[in-house]
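Colleague: Contents of model30.pdb (PDB, C-alpha atoms) are below:
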ATOM      1  CA  MET A1377     -18.701 -43.504  -8.962
ATOM      2  CA  ASN A1378     -22.379 -43.044  -8.092
ATOM      3  CA  MET A1379     -24.110 -39.694  -7.520
ATOM      4  CA  GLY A1380     -24.220 -40.118  -3.734
ATOM      5  CA  ASN A1381     -20.450 -40.541  -3.506
ATOM      6  CA  LEU A1382     -19.892 -37.630  -5.908
ATOM      7  CA  ASN A1383     -22.143 -35.326  -3.872
ATOM      8  CA  THR A1384     -20.413 -36.353  -0.643
ATOM      9  CA  MET A1385     -16.996 -35.680  -2.179
ATOM     10  CA  LEU A1386     -18.113 -32.267  -3.470
ATOM     11  CA  ILE A1387     -19.469 -31.326  -0.047
ATOM     12  CA  LYS A1388     -16.163 -32.340   1.574
ATOM     13  CA  ILE A1389     -14.193 -30.262  -0.938
ATOM     14  CA  VAL A1390     -16.389 -27.209  -0.380
ATOM     15  CA  LEU A1391     -16.087 -27.591   3.392
ATOM     16  CA  LEU A1392     -12.308 -27.967   3.168
ATOM     17  CA  ILE A1393     -12.048 -24.825   1.023
ATOM     18  CA  ALA A1394     -14.284 -22.918   3.455
ATOM     19  CA  ILE A1395     -12.181 -24.032   6.449
ATOM     20  CA  LEU A1396      -8.932 -23.066   4.716
ATOM     21  CA  LEU A1397     -10.382 -19.664   3.794
ATOM     22  CA  ILE A1398     -11.500 -19.049   7.381
ATOM     23  CA  ILE A1399      -8.063 -20.047   8.686
ATOM     24  CA  PHE A1400      -6.304 -17.780   6.179
ATOM     25  CA  LEU A1401      -8.522 -14.769   6.840
ATOM     26  CA  GLY A1402      -8.367 -15.301  10.600
ATOM     27  CA  TYR A1403      -4.596 -15.589  10.570
ATOM     28  CA  ARG A1404      -4.318 -12.529   8.352
ATOM     29  CA  THR A1405      -6.487 -10.551  10.758
ATOM     30  CA  PHE A1406      -4.458 -11.600  13.794
ATOM     31  CA  SER A1407      -1.051 -11.718  12.145
ATOM     32  CA  MET A1408       1.762  -9.506  13.355
ATOM     33  CA  SER A1409       1.287  -5.874  12.433
ATOM     34  CA  GLY A1410       2.519  -2.675  14.017
ATOM     35  CA  GLN A1411       0.373   0.165  15.293
ATOM     36  CA  VAL A1412      -0.959   2.621  12.746
ATOM     37  CA  PRO A1413       0.492   6.020  13.706
ATOM     38  CA  LYS A1414      -2.002   8.671  14.792
ATOM     39  CA  THR A1415      -2.663  11.767  12.738
ATOM     40  CA  GLY A1416      -1.125  14.969  14.052
ATOM     41  CA  VAL A1417       2.196  13.358  15.012
ATOM     42  CA  ARG A1418       5.468  13.152  13.087
ATOM     43  CA  ALA A1419       5.279  10.404  10.524
ATOM     44  CA  PRO A1420       7.684   7.529  11.167
ATOM     45  CA  ASP A1421      10.918   8.099   9.299
ATOM     46  CA  PHE A1422      12.020   5.717   6.602
ATOM     47  CA  SER A1423      15.014   5.145   4.359
ATOM     48  CA  LEU A1424      14.374   2.643   1.583
ATOM     49  CA  PRO A1425      15.889   1.922  -1.822
ATOM     50  CA  ASP A1426      13.923   2.708  -4.948
ATOM     51  CA  ALA A1427      13.959   0.531  -8.073
ATOM     52  CA  ASN A1428      17.386   1.934  -9.036
ATOM     53  CA  GLY A1429      18.917   1.380  -5.602
ATOM     54  CA  GLU A1430      18.829   5.066  -4.617
ATOM     55  CA  VAL A1431      17.862   5.421  -0.964
ATOM     56  CA  ILE A1432      14.902   7.722  -0.343
ATOM     57  CA  SER A1433      14.062   8.954   3.144
ATOM     58  CA  LEU A1434      11.155  10.907   4.530
ATOM     59  CA  ALA A1435      13.640  13.661   5.472
ATOM     60  CA  SER A1436      14.706  13.962   1.814
ATOM     61  CA  LEU A1437      11.082  14.692   0.882
ATOM     62  CA  GLN A1438      10.598  17.452   3.463
ATOM     63  CA  GLY A1439       9.096  20.575   1.963
ATOM     64  CA  SER A1440       6.593  18.600  -0.138
ATOM     65  CA  TRP A1441       3.380  16.864   0.675
ATOM     66  CA  VAL A1442       3.992  13.111   0.577
ATOM     67  CA  VAL A1443       1.453  10.540  -0.517
ATOM     68  CA  LEU A1444       2.998   7.419   1.017
ATOM     69  CA  TYR A1445       1.039   4.450  -0.182
ATOM     70  CA  PHE A1446       1.658   0.839   0.736
ATOM     71  CA  TYR A1447       0.417  -1.860  -1.614
ATOM     72  CA  PRO A1448       0.505  -5.666  -1.585
ATOM     73  CA  LYS A1449       2.203  -6.721  -4.837
ATOM     74  CA  ASP A1450       3.549  -5.356  -8.113
ATOM     75  CA  ASP A1451       1.548  -6.069 -11.260
ATOM     76  CA  THR A1452      -1.574  -7.449  -9.586
ATOM     77  CA  PRO A1453      -5.022  -6.136 -10.594
ATOM     78  CA  GLY A1454      -5.808  -3.865  -7.614
ATOM     79  CA  CYS A1455      -2.249  -2.603  -7.240
ATOM     80  CA  THR A1456      -2.004  -1.885 -10.958
ATOM     81  CA  LYS A1457      -5.302   0.016 -10.942
ATOM     82  CA  GLU A1458      -4.200   2.107  -7.960
ATOM     83  CA  ALA A1459      -0.755   2.860  -9.448
ATOM     84  CA  CYS A1460      -2.165   3.743 -12.875
ATOM     85  CA  ASN A1461      -4.709   6.098 -11.331
ATOM     86  CA  PHE A1462      -1.912   7.877  -9.455
ATOM     87  CA  ARG A1463       0.008   7.997 -12.763
ATOM     88  CA  ASP A1464      -2.974   9.449 -14.611
ATOM     89  CA  ASP A1465      -3.535  12.069 -11.897
ATOM     90  CA  MET A1466       0.156  12.912 -11.460
ATOM     91  CA  HIS A1467      -0.211  16.401 -12.958
ATOM     92  CA  LYS A1468      -2.944  17.291 -10.432
ATOM     93  CA  LEU A1469      -0.978  15.785  -7.549
ATOM     94  CA  GLU A1470       2.207  17.666  -8.500
ATOM     95  CA  LYS A1471       0.212  20.887  -8.880
ATOM     96  CA  LEU A1472      -0.798  20.399  -5.229
ATOM     97  CA  GLY A1473       2.893  20.135  -4.282
ATOM     98  CA  SER A1474       2.862  16.427  -3.519
ATOM     99  CA  LYS A1475       5.148  13.520  -4.250
ATOM    100  CA  VAL A1476       3.731  10.025  -4.607
ATOM    101  CA  ILE A1477       5.782   7.205  -3.100
ATOM    102  CA  GLY A1478       4.697   3.574  -3.386
ATOM    103  CA  VAL A1479       6.030   0.947  -0.972
ATOM    104  CA  SER A1480       5.780  -2.835  -1.043
ATOM    105  CA  VAL A1481       7.913  -5.761   0.046
ATOM    106  CA  ASP A1482       8.732  -6.562  -3.598
ATOM    107  CA  ASN A1483      12.344  -6.264  -4.733
ATOM    108  CA  GLY A1484      13.844  -3.542  -6.923
ATOM    109  CA  LYS A1485      13.765  -5.695 -10.069
ATOM    110  CA  SER A1486      10.042  -6.295  -9.657
ATOM    111  CA  HIS A1487       9.505  -2.545  -9.093
ATOM    112  CA  THR A1488      11.531  -1.699 -12.215
ATOM    113  CA  GLU A1489       9.469  -4.052 -14.375
ATOM    114  CA  PHE A1490       6.189  -2.829 -12.893
ATOM    115  CA  ALA A1491       7.079   0.854 -13.345
ATOM    116  CA  LYS A1492       8.293   0.302 -16.895
ATOM    117  CA  LYS A1493       5.287  -1.802 -17.940
ATOM    118  CA  TYR A1494       2.804   0.878 -16.778
ATOM    119  CA  ASN A1495       4.975   3.980 -17.277
ATOM    120  CA  LEU A1496       4.770   4.943 -13.604
ATOM    121  CA  PRO A1497       6.344   8.386 -13.033
ATOM    122  CA  PHE A1498       6.809   8.071  -9.265
ATOM    123  CA  ARG A1499       9.160   6.094  -7.057
ATOM    124  CA  LEU A1500       8.460   2.612  -5.815
ATOM    125  CA  LEU A1501      10.425   1.728  -2.688
ATOM    126  CA  SER A1502      11.437  -1.759  -1.680
ATOM    127  CA  ASP A1503      10.719  -2.677   1.953
ATOM    128  CA  ARG A1504      12.036  -6.256   1.694
ATOM    129  CA  ASP A1505      12.003  -7.013   5.427
ATOM    130  CA  GLY A1506       8.714  -5.154   6.041
ATOM    131  CA  LEU A1507      10.149  -2.952   8.807
ATOM    132  CA  ILE A1508       8.751   0.304   7.444
ATOM    133  CA  ALA A1509       5.366  -1.245   6.675
ATOM    134  CA  PHE A1510       5.396  -2.523  10.275
ATOM    135  CA  LYS A1511       6.159   1.007  11.590
ATOM    136  CA  TYR A1512       3.089   2.253   9.734
ATOM    137  CA  GLY A1513       0.894  -0.668  10.830
ATOM    138  CA  ALA A1514       0.695  -1.700   7.174
ATOM    139  CA  LEU A1515       2.265  -5.152   7.336
ATOM    140  CA  THR A1516       0.652  -8.542   7.209
ATOM    141  CA  ASP A1517       3.310 -10.928   8.487
ATOM    142  CA  LEU A1518       2.452 -14.561   7.937
ATOM    143  CA  GLY A1519       5.858 -15.774   9.059
ATOM    144  CA  ALA A1520       7.487 -16.863   5.815
ATOM    145  CA  VAL A1521       5.349 -14.446   3.788
ATOM    146  CA  LYS A1522       5.136 -10.698   4.316
ATOM    147  CA  ILE A1523       2.637  -8.529   2.452
ATOM    148  CA  ALA A1524       2.009  -4.801   2.736
ATOM    149  CA  LYS A1525      -1.583  -3.802   3.387
ATOM    150  CA  ARG A1526      -3.239  -1.291   1.063
ATOM    151  CA  TYR A1527      -2.852   1.715   3.379
ATOM    152  CA  THR A1528      -2.010   5.309   2.484
ATOM    153  CA  PHE A1529      -0.623   8.124   4.598
ATOM    154  CA  LEU A1530      -0.786  11.797   3.697
ATOM    155  CA  ILE A1531       2.192  13.626   5.211
ATOM    156  CA  ASP A1532       2.538  17.420   5.226
ATOM    157  CA  PRO A1533       5.697  19.331   4.175
ATOM    158  CA  ASP A1534       6.914  19.372   7.811
ATOM    159  CA  GLY A1535       6.682  15.577   8.144
ATOM    160  CA  VAL A1536       3.450  15.527  10.164
ATOM    161  CA  LEU A1537       0.909  12.816   9.416
ATOM    162  CA  LYS A1538      -2.279  14.590   8.344
ATOM    163  CA  LYS A1539      -4.521  11.818   7.065
ATOM    164  CA  THR A1540      -4.616   8.021   7.147
ATOM    165  CA  TYR A1541      -6.467   5.782   4.711
ATOM    166  CA  LEU A1542      -7.052   2.221   5.901
ATOM    167  CA  ASN A1543      -9.985   1.302   3.651
ATOM    168  CA  VAL A1544      -8.618   2.109   0.217
ATOM    169  CA  GLU A1545     -10.688   1.551  -2.893
ATOM    170  CA  ALA A1546      -8.026   1.386  -5.615
ATOM    171  CA  SER A1547     -10.204   2.779  -8.406
ATOM    172  CA  LYS A1548     -11.166   5.967  -6.498
ATOM    173  CA  HIS A1549      -8.202   6.509  -4.216
ATOM    174  CA  SER A1550      -6.172   8.943  -6.314
ATOM    175  CA  GLN A1551      -9.113  11.338  -6.613
ATOM    176  CA  GLU A1552      -9.782  10.952  -2.877
ATOM    177  CA  ILE A1553      -6.190  12.056  -2.195
ATOM    178  CA  ILE A1554      -6.539  15.049  -4.570
ATOM    179  CA  ASP A1555      -9.767  16.126  -2.855
ATOM    180  CA  ASP A1556      -8.294  15.800   0.642
ATOM    181  CA  LEU A1557      -5.040  17.553  -0.310
ATOM    182  CA  THR A1558      -7.073  20.442  -1.673
ATOM    183  CA  LEU A1559      -9.094  20.695   1.540
ATOM    184  CA  LEU A1560      -6.043  20.337   3.781
ATOM    185  CA  GLN A1561      -4.242  23.102   1.931
ATOM    186  CA  GLN A1562      -7.291  25.315   2.376
ATOM    187  CA  ASN A1563      -7.362  24.360   6.092
ATOM    188  CA  LYS A1564     -10.863  22.955   5.721
ATOM    189  CA  ILE A1565     -10.078  19.565   7.293
TER     190      ILE A1565
END
Output the structure of this file as structure tokens.

Modeller:
Amino acid sequence: MNMGNLNTMLIKIVLLIAILLIIFLGYRTFSMSGQVPKTGVRAPDFSLPDANGEVISLASLQGSWVVLYFYPKDDTPGCTKEACNFRDDMHKLEKLGSKVIGVSVDNGKSHTEFAKKYNLPFRLLSDRDGLIAFKYGALTDLGAVKIAKRYTFLIDPDGVLKKTYLNVEASKHSQEIIDDLTLLQQNKI
């Protein structure tokens, strides 16, 4: 194969990859997703099984602040970083009267392995059909594949949505939640 043919083939491959990437990102942007609930209203209720099959509902968490965070996939780099930061800050979060609840479309077995591998002290709920993620506007539905978006919702002890995070940076998010919880409890935001 001469250099001209090789260069032409490389250009075609790069163009094909670029087109596929544009299609994927465009489809992801326009894929089915519910409306993100507005702050100041009651948070959408949920009842989902945790890794052990115990059903957890928003009503069962009433009386505590709830950090409800949706994440794409167990044991992936960004999701692991986010979960481990919540784990490492758990004492501060509990001191602020909050419970951390992670939600993805992964199954209970995957959640169990993920929690065990990283010693996660909070519940991971399985939203297999994506209905709860959809209620929170946190679902990317690509037809055969459903993925939760990295969104977090801060819910007060009465079940009212106080803060929404749609642009989460996994490495800083736990501290961001601690800072906002502190301000919310002091009625400064």

Colleague: Take every atom of range 1523-1533 of chain A listed in the file, fit an axis-aligned box around them, add 3 Å per side, and give the centre and edge lengths in Å to one decimal as lines of an AutoDock Vina configuration file.

Modeller:
center_x = 1.2
center_y = 5.4
center_z = 3.1
size_x = 14.9
size_y = 33.9
size_z = 10.2

Colleague: Using all atoms listed in the file, can you tell me which of A:Asp1482, A:Asp1503, A:Glu1552, A:Glu1470 comes closest to Trp1441 in chain A?

Modeller: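 Checking each candidate against Trp1441 in chain A, we get A:Glu1470 as the closest.
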
Colleague: Using the chain letters and numbers from the file, give me the residues hit by the PyMOL selection byres ((chain A and resi 1555) around 12), as a list in words.

Modeller: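 Listing what the PyMOL selection byres ((chain A and resi 1555) around 12) selects in the shown file: Asp1465, Lys1468, Leu1469, Leu1472, Leu1530, Lys1548, His1549, Ser1550, Gln1551, Glu1552, Ile1553, Ile1554, Asp1556, Leu1557, Thr1558, Leu1559, Leu1560, Gln1561, Gln1562, Lys1564 and Ile1565 of chain A.
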
Colleague: What lies within 10 Å of Glu1489 in chain A using only C-alpha atoms, ignoring chain neighbours under 6 positions off, as a PyMOL selection string?

Modeller: chain A and resi 1427+1450-1451+1495

Colleague: List the residues selected by the PyMOL selection byres ((chain A and resi 1414) around 9) in the file shown, writing them as an mmCIF file with C-alpha atoms, in the frame of the given file.

Modeller:
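Resulting contents of result02.cif:
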data_model
loop_
_atom_site.group_PDB
_atom_site.id
_atom_site.type_symbol
_atom_site.label_atom_id
_atom_site.label_comp_id
_atom_site.auth_asym_id
_atom_site.auth_seq_id
_atom_site.Cartn_x
_atom_site.Cartn_y
_atom_site.Cartn_z
ATOM 1 C CA GLN A 1411 0.373 0.165 15.293
ATOM 2 C CA VAL A 1412 -0.959 2.621 12.746
ATOM 3 C CA PRO A 1413 0.492 6.020 13.706
ATOM 4 C CA THR A 1415 -2.663 11.767 12.738
ATOM 5 C CA GLY A 1416 -1.125 14.969 14.052
ATOM 6 C CA VAL A 1417 2.196 13.358 15.012
ATOM 7 C CA ARG A 1418 5.468 13.152 13.087
ATOM 8 C CA ALA A 1419 5.279 10.404 10.524
ATOM 9 C CA LEU A 1537 0.909 12.816 9.416
ATOM 10 C CA LYS A 1538 -2.279 14.590 8.344
ATOM 11 C CA LYS A 1539 -4.521 11.818 7.065
ATOM 12 C CA THR A 1540 -4.616 8.021 7.147
#

Colleague: Which residue gives the smallest distance to Phe1446 in chain A among A:Lys1511, A:Arg1499, A:Arg1463, A:Arg1526, with only C-alpha atoms counted?

Modeller: A:Arg1526

Colleague: Considering only C-alpha atoms, return as a PyMOL selection string whatever protein or nucleic-acid residues lie within 12 Å of Val1431 in chain A, sequence-local ones (same chain, fewer than 2 positions apart) excluded.

Modeller: chain A and resi 1422-1429+1433-1437+1484+1499-1503

Colleague: Could you please determine the separation between CA of Val1442 in chain A and CA of Ser1474 in chain A in Å, to one decimal place?

Modeller: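 Rounded to one decimal, the two atoms are 5.4 Å apart.
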
Colleague: List the residues selected by the PyMOL selection byres ((chain A and resi 1510) around 9) in the file shown, writing them as a PyMOL selection string.

Modeller: chain A and resi 1408-1412+1506-1509+1511-1517+1524

Colleague: What's the separation between CA of Ile1523 in chain A and CA of Leu1397 in chain A, in Å to one decimal place?

Modeller: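 Distance between the two atoms: 17.2 Å.
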
Colleague: Would you compute the distance between CA of Lys1492 in chain A and CA of Glu1545 in chain A? Give it in Å to one decimal.

Modeller: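 Separation between CA of Lys1492 in chain A and CA of Glu1545 in chain A: 23.6 Å.
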
Colleague: Pick out the closest residue to Pro1453 in chain A from this set: A:Leu1392, A:Asp1534, A:Pro1420, A:Phe1490. Count all atoms listed in the file.

Modeller: A:Phe1490

Colleague: Identify which of the residues A:Ala1394, A:Asp1505, A:Val1481, A:His1487 lies closest to Lys1525 in chain A, counting all atoms listed in the file when measuring atom-to-atom distances.

Modeller: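 Under the stated criterion, the closest residue is A:Val1481.
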
Colleague: Would you mind completing range 1413-1441 of chain A to N, CA and C atoms and writing the output as a PDB file, in the frame of the given file?

Modeller:
ATOM      1  N   PRO A1413       0.222   4.764  13.008  1.00  0.00           N
ATOM      2  CA  PRO A1413       0.492   6.020  13.706  1.00  0.00           C
ATOM      3  C   PRO A1413      -0.730   6.952  13.663  1.00  0.00           C
ATOM      4  N   LYS A1414      -0.867   7.744  14.695  1.00  0.00           N
ATOM      5  CA  LYS A1414      -2.002   8.671  14.792  1.00  0.00           C
ATOM      6  C   LYS A1414      -1.741   9.928  13.964  1.00  0.00           C
ATOM      7  N   THR A1415      -2.807  10.504  13.456  1.00  0.00           N
ATOM      8  CA  THR A1415      -2.663  11.767  12.738  1.00  0.00           C
ATOM      9  C   THR A1415      -2.269  12.854  13.732  1.00  0.00           C
ATOM     10  N   GLY A1416      -1.556  13.854  13.217  1.00  0.00           N
ATOM     11  CA  GLY A1416      -1.125  14.969  14.052  1.00  0.00           C
ATOM     12  C   GLY A1416       0.259  14.786  14.656  1.00  0.00           C
ATOM     13  N   VAL A1417       0.847  13.604  14.490  1.00  0.00           N
ATOM     14  CA  VAL A1417       2.196  13.358  15.012  1.00  0.00           C
ATOM     15  C   VAL A1417       3.168  13.253  13.838  1.00  0.00           C
ATOM     16  N   ARG A1418       4.465  13.329  14.141  1.00  0.00           N
ATOM     17  CA  ARG A1418       5.468  13.152  13.087  1.00  0.00           C
ATOM     18  C   ARG A1418       5.325  11.755  12.510  1.00  0.00           C
ATOM     19  N   ALA A1419       5.350  11.704  11.200  1.00  0.00           N
ATOM     20  CA  ALA A1419       5.279  10.404  10.524  1.00  0.00           C
ATOM     21  C   ALA A1419       6.560   9.630  10.803  1.00  0.00           C
ATOM     22  N   PRO A1420       6.465   8.323  10.966  1.00  0.00           N
ATOM     23  CA  PRO A1420       7.684   7.529  11.167  1.00  0.00           C
ATOM     24  C   PRO A1420       8.656   7.718  10.001  1.00  0.00           C
ATOM     25  N   ASP A1421       9.910   7.907  10.335  1.00  0.00           N
ATOM     26  CA  ASP A1421      10.918   8.099   9.299  1.00  0.00           C
ATOM     27  C   ASP A1421      11.159   6.789   8.566  1.00  0.00           C
ATOM     28  N   PHE A1422      11.646   6.899   7.365  1.00  0.00           N
ATOM     29  CA  PHE A1422      12.020   5.717   6.602  1.00  0.00           C
ATOM     30  C   PHE A1422      13.185   6.063   5.698  1.00  0.00           C
ATOM     31  N   SER A1423      13.942   5.064   5.355  1.00  0.00           N
ATOM     32  CA  SER A1423      15.014   5.145   4.359  1.00  0.00           C
ATOM     33  C   SER A1423      14.983   3.816   3.624  1.00  0.00           C
ATOM     34  N   LEU A1424      14.530   3.864   2.377  1.00  0.00           N
ATOM     35  CA  LEU A1424      14.374   2.643   1.583  1.00  0.00           C
ATOM     36  C   LEU A1424      14.913   2.861   0.179  1.00  0.00           C
ATOM     37  N   PRO A1425      15.413   1.797  -0.448  1.00  0.00           N
ATOM     38  CA  PRO A1425      15.889   1.922  -1.822  1.00  0.00           C
ATOM     39  C   PRO A1425      14.738   1.934  -2.821  1.00  0.00           C
ATOM     40  N   ASP A1426      14.894   2.746  -3.865  1.00  0.00           N
ATOM     41  CA  ASP A1426      13.923   2.708  -4.948  1.00  0.00           C
ATOM     42  C   ASP A1426      14.349   1.626  -5.947  1.00  0.00           C
ATOM     43  N   ALA A1427      13.686   1.565  -7.076  1.00  0.00           N
ATOM     44  CA  ALA A1427      13.959   0.531  -8.073  1.00  0.00           C
ATOM     45  C   ALA A1427      15.388   0.591  -8.600  1.00  0.00           C
ATOM     46  N   ASN A1428      16.010   1.777  -8.548  1.00  0.00           N
ATOM     47  CA  ASN A1428      17.386   1.934  -9.036  1.00  0.00           C
ATOM     48  C   ASN A1428      18.429   1.807  -7.932  1.00  0.00           C
ATOM     49  N   GLY A1429      17.988   1.522  -6.714  1.00  0.00           N
ATOM     50  CA  GLY A1429      18.917   1.380  -5.602  1.00  0.00           C
ATOM     51  C   GLY A1429      19.194   2.669  -4.856  1.00  0.00           C
ATOM     52  N   GLU A1430      18.643   3.790  -5.313  1.00  0.00           N
ATOM     53  CA  GLU A1430      18.829   5.066  -4.617  1.00  0.00           C
ATOM     54  C   GLU A1430      17.969   5.069  -3.360  1.00  0.00           C
ATOM     55  N   VAL A1431      18.578   5.427  -2.231  1.00  0.00           N
ATOM     56  CA  VAL A1431      17.862   5.421  -0.964  1.00  0.00           C
ATOM     57  C   VAL A1431      17.083   6.727  -0.819  1.00  0.00           C
ATOM     58  N   ILE A1432      15.807   6.585  -0.537  1.00  0.00           N
ATOM     59  CA  ILE A1432      14.902   7.722  -0.343  1.00  0.00           C
ATOM     60  C   ILE A1432      14.458   7.694   1.116  1.00  0.00           C
ATOM     61  N   SER A1433      14.509   8.857   1.751  1.00  0.00           N
ATOM     62  CA  SER A1433      14.062   8.954   3.144  1.00  0.00           C
ATOM     63  C   SER A1433      12.938   9.980   3.229  1.00  0.00           C
ATOM     64  N   LEU A1434      12.198   9.906   4.312  1.00  0.00           N
ATOM     65  CA  LEU A1434      11.155  10.907   4.530  1.00  0.00           C
ATOM     66  C   LEU A1434      11.791  12.287   4.652  1.00  0.00           C
ATOM     67  N   ALA A1435      12.949  12.378   5.315  1.00  0.00           N
ATOM     68  CA  ALA A1435      13.640  13.661   5.472  1.00  0.00           C
ATOM     69  C   ALA A1435      14.003  14.269   4.121  1.00  0.00           C
ATOM     70  N   SER A1436      14.335  13.440   3.136  1.00  0.00           N
ATOM     71  CA  SER A1436      14.706  13.962   1.814  1.00  0.00           C
ATOM     72  C   SER A1436      13.502  14.515   1.057  1.00  0.00           C
ATOM     73  N   LEU A1437      12.306  14.227   1.534  1.00  0.00           N
ATOM     74  CA  LEU A1437      11.082  14.692   0.882  1.00  0.00           C
ATOM     75  C   LEU A1437      10.474  15.889   1.598  1.00  0.00           C
ATOM     76  N   GLN A1438      11.122  16.329   2.690  1.00  0.00           N
ATOM     77  CA  GLN A1438      10.598  17.452   3.463  1.00  0.00           C
ATOM     78  C   GLN A1438      10.456  18.676   2.568  1.00  0.00           C
ATOM     79  N   GLY A1439       9.386  19.405   2.790  1.00  0.00           N
ATOM     80  CA  GLY A1439       9.096  20.575   1.963  1.00  0.00           C
ATOM     81  C   GLY A1439       8.013  20.281   0.942  1.00  0.00           C
ATOM     82  N   SER A1440       7.670  19.018   0.773  1.00  0.00           N
ATOM     83  CA  SER A1440       6.593  18.600  -0.138  1.00  0.00           C
ATOM     84  C   SER A1440       5.577  17.784   0.652  1.00  0.00           C
ATOM     85  N   TRP A1441       4.358  17.809   0.171  1.00  0.00           N
ATOM     86  CA  TRP A1441       3.380  16.864   0.675  1.00  0.00           C
ATOM     87  C   TRP A1441       3.799  15.495   0.161  1.00  0.00           C
TER      88      TRP A1441
END
